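**Q** Take a look at this one; I'll ask things after.
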Amino acid sequence: MAVAARESERGARRSRSLSLRFVVLPLSIVAAAAAIVFAAPYLYAERALPGVTVAGAQVGSLDAAAIRDRLDIELARPWAQRAVVALYDGQSWRTTNGDLAVSPDTDTAIAMALAYGKTGSFTERATPWLDALRGEARIPLTLRAQGDALDRWVASVAGAIDRRAVSGEIALGAKGLTFTDPVLGRALDRVAATDSVLAARTLDDREIDLHVRSIYPAVDESGYRDAVARAVAVTTPLEVTVEDRRIAEDAAALTTLLSIERVAARPGVLPALPVDAIAPAARYQYVVSLKQDRLMDWVTAVAAKLDRPALSARYSVNPDGIASVVPGATGIRVTQDKLVAQLSADLLRPAVGTRNVAVPAAIETPAFSTEQANTWLPKISRTSEFTTYYPSNPSRHANISTGSSQFDGIVILPGQTFSFWALLGPVTVERGYAYAGAIINNRSDENVIGGGLCQVSTTMFNALSKLGYEIVERHAHGYLIDRYPLGLDAAVFEPGVDFKWKNDTEAPVFLWSWNDVNSVSFDVWSVPTGRTVVFSAAVQSNFVDVPADQPADPAFIPGSKVAGRDVIRTRTVYEGAKVLHQDTYFSHYAPVWGGPVPVASATTPH
């Protein structure tokens with residue numbers, strides 16, 4: 001233990017000894033410098049301080065004449081041929097003192113050398129003396145420029161270096177998304193370059209310092225980079241899938257979802273610019289986001305293509321009048337709010353290649369399943385039928401047979417309301433409809449696509465109304481059509497004139513139509529309602545003859561006419577002794593005719 005203690009003490013003494021050596025040396029230099037500083041006004045009043053150099057030439061402790069001689073010796077070498085080289089970013093510009101028409105200002109250099117370290121307070125004089133003792137008192141050789149050669153050379157260097165700043169730009173145009181990358185500008189500090197040439201630190205070939213300042217555009221990389229990444233991400237080709245169904249969207253379509261704004265950058269949002277940078281008047285940044293309303297519209301359109309609606313079971317009736325079940329099927333429906341939320345995040349994230357999105361979707365069960373249809377099949381039967389007739393006409397037959405077939409087998413569930421137009425579907429030539437006559441504003445128009453569909457709704461109305469179902473909406477024709485039960489027609493016209501009824505029983509109802517060349521029939525199948533339906537006799541009033549000046553209707557032959565009138569029919573539906581429904585059907589029919597019978601012209605005897 002004693003030996004270890006002695007060794008530890010020796011080590012400590014050695015450390016203190018070394019420390020003292022390093023402390024004593026600088027203190028000795030400082031002391032010497034201090035002594036010289038105090039003595040300088042006397043010892044070096046006419047001489048340069050020791051260790052002073054001018055452009056690398058030793059002039060320490062020399063007086064003015066000796067300094068001039070020393071510099072003359074050094075400058076006797078071919079000064080005019082000495083090279084001046086500027087370097088920047090892999091480029092170089094080389095010239096000579098002679099080409100620049102610069103020459104030494106010896107008098108100024110001598111004055112600077114003699115004045116070095118001799119002015120100011122003690123502290124101010126001590127610092128240059130320490131530099132002199134360390135050999136770091138370097139004074140450049142001051143030069144004078146004659147003419148404009150130096151200015152022209154600096155301008156030529158600046159011409160090669162200077163570059164204007166280009167502001168970043170993101171734009172949506174006719175060709176889609178376009179980008180203009182930002183470019184930092186730069187500008188040579190010409191004053192500093194000139195000063196560097198005129199302050200030679202060596203009498204030999206020399207390189208001069210070039211100070212180039214960055215010029216920042218209004219939108220630089222920091223206000224552009226992230227926005228470009230988001231815009232590119234959104235326009236990455238996209239494929240959305242549900243089970244075996246898929247939709248692909250290209251970049252052009254996806255650009256319609258983009259919102260691109262150039263906004264003033266708030267303080268602190270973008271990184272600070274370098275101190276010596278040339279800043280723009282204002283800084284901006286791009287903000288890229290999704291147009292939520294457009295995204296929701298797009299998702300709705302996608303869902304319309306990807307959705308597979310559930311198919312309710314239906315019934316079919318064969319020519320022998322036997323009903324059977326047409327199976328239904330489950331469907332799939334895009335969960336649109338979830339897809340909007342998913343795409344709001346996913347589309348703004350970078351993707352490599354085509355972006356694949358599995359669409360959130362839910363299974364949709366049919367309102368009337370195959371199992372339910374099979375359960376009801378043995379319980380239902382034909383409960384009503386009704387037939388109406390019409391003059392044989394190919395166009396009218398096409399419309400009536402096509403229209404009536406749209407309702408074959410459809411099931412109206414308990415509590416469900418039937419709408420003629422909601423279930424009929426589009427009335428177009430492509431679906432088999434033709435142009436035929438229809439009543440518009442109490443007058444026949446012989447060129448209406450789907451003309452004659454009122455025959456379908458009227459036949460259906462008469463088949464259903466006598467079973468006692470609730471009639472929700474029924475309209476009369478503009479004029480009386482005598483092939484229909486008086487006051488029990490049911491006109492339809494799109495928009496605004498519909499035929500609706502409600503299944504207010506506990507059993508499903510389905511319809512089936514039969515067509516001949518000049519007739520249409522509707523069968524109603526269900527469980528018998530057990531209701532008693534009573535129709536009052538038609539009450540006619542307010543007969544109006546056709547005015548003589550009324551234009552002829554093209555659907556009537558000359559001389560034929562139907563008087564206008566009001567007709568009232570009442571339907572009372574009983575469930576046992578209880579009145580379940582009591583409806584009054586009021587019909588106002590306008591007069592109509594085919595015009596007067598042509599009068600034969602008289603023959604004048606010769």
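In the structure tokens, chains take the letters A, B, ... in the order shown, each chain's residues start at 1, and ligands count up from 1 in the order shown.
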List as CSV every residue of stretch 184-274 of chain A that is in contact with stretch 68-85 of chain A, defined as an atom at most 7 Å from one of its atoms (using only C-alpha atoms), together with the nearest atom pair and the distance in Å rounded to one decimal, sorted by chain and then rising number.

**A**
residue,atom,partner,partner_atom,distance
A:Asp204,CA,A:Arg82,CA,6.1
A:Asp205,CA,A:Ala83,CA,4.6
A:Arg206,CA,A:Val84,CA,5.3
A:Glu207,CA,A:Val85,CA,4.6
A:Ile208,CA,A:Val85,CA,6.2

**Q** Write out as a ChimeraX atom specification the residues lying within 9 Å of A:Phe510, counting only C-alpha atoms and excluding same-chain residues fewer than 4 positions away.

**A** /A:314-315,407-413,523-526

**Q** Select from stretch 176-351 of chain A everything DSSP, run on the backbone, classes as alpha helix (DSSP H), then give the selection as an NGL selection string.

**A** :A and (190-197 or 225-234 or 251-254 or 292-306 or 336-346)

**Q** Could those selected residues go to a file with N, CA and C atoms, as a compact mmCIF listing (two decimals), in the first residue's frame?

**A**
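Done, and the output landed in selection-v4.txt:
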# COMPACT_ATOMS: atom_id res chain seq x y z
N ARG A 190 -19.20 41.44 -57.02
CA ARG A 190 -18.17 42.05 -57.86
C ARG A 190 -17.26 42.96 -57.05
N VAL A 191 -17.82 43.64 -56.08
CA VAL A 191 -16.99 44.52 -55.25
C VAL A 191 -15.96 43.71 -54.49
N ALA A 192 -16.39 42.60 -53.90
CA ALA A 192 -15.46 41.75 -53.15
C ALA A 192 -14.40 41.15 -54.06
N ALA A 193 -14.82 40.76 -55.30
CA ALA A 193 -13.86 40.20 -56.24
C ALA A 193 -12.81 41.24 -56.62
N THR A 194 -13.25 42.47 -56.86
CA THR A 194 -12.31 43.54 -57.19
C THR A 194 -11.36 43.81 -56.04
N ASP A 195 -11.91 43.87 -54.82
CA ASP A 195 -11.06 44.10 -53.65
C ASP A 195 -10.04 42.99 -53.48
N SER A 196 -10.43 41.76 -53.79
CA SER A 196 -9.51 40.62 -53.65
C SER A 196 -8.35 40.74 -54.63
N VAL A 197 -8.64 41.23 -55.84
CA VAL A 197 -7.57 41.42 -56.82
C VAL A 197 -6.62 42.52 -56.35
N ARG A 225 -40.94 20.84 -52.99
CA ARG A 225 -40.60 19.41 -53.02
C ARG A 225 -41.74 18.51 -52.52
N ASP A 226 -42.25 18.79 -51.30
CA ASP A 226 -43.29 17.93 -50.74
C ASP A 226 -44.58 18.01 -51.55
N ALA A 227 -44.89 19.18 -52.07
CA ALA A 227 -46.11 19.33 -52.86
C ALA A 227 -46.03 18.51 -54.14
N VAL A 228 -44.86 18.49 -54.78
CA VAL A 228 -44.69 17.68 -55.99
C VAL A 228 -44.89 16.21 -55.67
N ALA A 229 -44.31 15.76 -54.56
CA ALA A 229 -44.44 14.36 -54.18
C ALA A 229 -45.91 14.00 -53.98
N ARG A 230 -46.68 14.89 -53.37
CA ARG A 230 -48.10 14.61 -53.13
C ARG A 230 -48.88 14.61 -54.44
N ALA A 231 -48.56 15.56 -55.32
CA ALA A 231 -49.27 15.63 -56.61
C ALA A 231 -48.98 14.40 -57.45
N VAL A 232 -47.73 13.97 -57.48
CA VAL A 232 -47.36 12.77 -58.23
C VAL A 232 -48.05 11.54 -57.63
N ALA A 233 -48.13 11.51 -56.29
CA ALA A 233 -48.78 10.38 -55.63
C ALA A 233 -50.25 10.29 -56.03
N VAL A 234 -50.94 11.43 -56.04
CA VAL A 234 -52.36 11.42 -56.37
C VAL A 234 -52.59 10.95 -57.80
N ALA A 251 -53.76 8.76 -64.97
CA ALA A 251 -53.33 10.00 -64.33
C ALA A 251 -54.22 11.17 -64.72
N ALA A 252 -54.64 11.23 -65.99
CA ALA A 252 -55.45 12.36 -66.44
C ALA A 252 -56.76 12.45 -65.65
N ALA A 253 -57.39 11.32 -65.39
CA ALA A 253 -58.65 11.33 -64.64
C ALA A 253 -58.40 11.71 -63.19
N LEU A 254 -57.29 11.25 -62.64
CA LEU A 254 -57.02 11.51 -61.22
C LEU A 254 -56.62 12.96 -60.95
N GLN A 292 -62.42 17.35 -51.74
CA GLN A 292 -63.27 16.37 -51.09
C GLN A 292 -64.60 16.20 -51.81
N ASP A 293 -65.19 17.28 -52.31
CA ASP A 293 -66.46 17.14 -53.02
C ASP A 293 -66.28 16.35 -54.31
N ARG A 294 -65.18 16.62 -55.02
CA ARG A 294 -64.90 15.87 -56.26
C ARG A 294 -64.58 14.42 -55.95
N LEU A 295 -63.84 14.17 -54.86
CA LEU A 295 -63.52 12.80 -54.47
C LEU A 295 -64.80 12.02 -54.15
N MET A 296 -65.72 12.67 -53.44
CA MET A 296 -66.97 11.97 -53.11
C MET A 296 -67.78 11.67 -54.38
N ASP A 297 -67.79 12.61 -55.33
CA ASP A 297 -68.48 12.36 -56.60
C ASP A 297 -67.82 11.20 -57.34
N TRP A 298 -66.49 11.19 -57.31
CA TRP A 298 -65.76 10.13 -58.01
C TRP A 298 -66.04 8.78 -57.36
N VAL A 299 -66.04 8.74 -56.05
CA VAL A 299 -66.34 7.49 -55.34
C VAL A 299 -67.76 7.03 -55.65
N THR A 300 -68.69 7.96 -55.71
CA THR A 300 -70.07 7.61 -56.06
C THR A 300 -70.14 6.99 -57.44
N ALA A 301 -69.40 7.56 -58.40
CA ALA A 301 -69.39 7.02 -59.76
C ALA A 301 -68.73 5.64 -59.79
N VAL A 302 -67.66 5.49 -59.02
CA VAL A 302 -66.99 4.18 -58.95
C VAL A 302 -67.93 3.15 -58.34
N ALA A 303 -68.62 3.55 -57.28
CA ALA A 303 -69.54 2.62 -56.62
C ALA A 303 -70.64 2.19 -57.57
N ALA A 304 -71.11 3.11 -58.40
CA ALA A 304 -72.17 2.76 -59.34
C ALA A 304 -71.72 1.68 -60.31
N LYS A 305 -70.42 1.65 -60.61
CA LYS A 305 -69.89 0.64 -61.52
C LYS A 305 -69.55 -0.67 -60.80
N LEU A 306 -69.13 -0.56 -59.54
CA LEU A 306 -68.69 -1.75 -58.82
C LEU A 306 -69.80 -2.42 -58.03
N GLN A 336 -69.17 3.68 -49.28
CA GLN A 336 -68.60 4.89 -49.88
C GLN A 336 -67.88 5.78 -48.88
N ASP A 337 -68.44 5.95 -47.66
CA ASP A 337 -67.77 6.82 -46.71
C ASP A 337 -66.42 6.26 -46.29
N LYS A 338 -66.33 4.95 -46.17
CA LYS A 338 -65.04 4.34 -45.82
C LYS A 338 -64.04 4.46 -46.97
N LEU A 339 -64.52 4.32 -48.20
CA LEU A 339 -63.62 4.45 -49.35
C LEU A 339 -63.11 5.89 -49.47
N VAL A 340 -63.97 6.86 -49.22
CA VAL A 340 -63.53 8.27 -49.25
C VAL A 340 -62.44 8.50 -48.21
N ALA A 341 -62.66 7.99 -46.99
CA ALA A 341 -61.67 8.16 -45.93
C ALA A 341 -60.36 7.45 -46.28
N GLN A 342 -60.46 6.26 -46.85
CA GLN A 342 -59.26 5.50 -47.22
C GLN A 342 -58.46 6.21 -48.30
N LEU A 343 -59.15 6.67 -49.33
CA LEU A 343 -58.46 7.34 -50.43
C LEU A 343 -57.92 8.70 -50.02
N SER A 344 -58.59 9.37 -49.08
CA SER A 344 -58.11 10.67 -48.62
C SER A 344 -56.71 10.56 -48.05
N ALA A 345 -56.39 9.41 -47.47
CA ALA A 345 -55.05 9.19 -46.93
C ALA A 345 -54.14 8.52 -47.95
N ASP A 346 -54.64 7.47 -48.61
CA ASP A 346 -53.79 6.66 -49.50
C ASP A 346 -53.30 7.44 -50.72

**Q** Which residues are close to stretch 167-174 of chain A, i.e. within 10 Å by only C-alpha atoms, leaving aside same-chain residues fewer than 4 positions away? Reply as a PyMOL selection string.

**A** chain A and resi 178-185+216-225+227-228+231+252+255-256+258-262+284-288

**Q** Nearest residue to A:Gln455 out of A:Glu46, A:Asp489, A:Asp276, A:Glu249, using only C-alpha atoms?

**A**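 Comparing A:Glu46, A:Asp489, A:Asp276, A:Glu249 against A:Gln455, the winner is A:Asp489.
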
**Q** Could you check how far atom CA of A:Glu371 sits from atom CA of A:Val509, in Å to one decimal?

**A** 15.9 Å

**Q** Using only C-alpha atoms, pick whichever of A:Trp153, A:Tyr479, A:Phe418, A:Phe493 has the shortest atom-to-atom distance to A:Asp553.

**A**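 Looking at the shortest contact to A:Asp553, the residue is A:Tyr479.
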
**Q** Tell me which protein, DNA and RNA residues are within 7 Å of stretch 50-61 of chain A, counting only C-alpha atoms, leaving out same-chain ones fewer than 4 positions away, and put them as a ChimeraX atom specification.

**A** /A:67,113,132-133,135,137-141,200-203

**Q** Please return, as a PyMOL selection string, all residues of stretch 113-264 of chain A that DSSP assigns to strand (DSSP E) on the basis of the backbone.

**A** chain A and resi 138-139+141-145+169-173+176-180+185-188+199-200+206-208+212-215+238-242+245-249+258-264
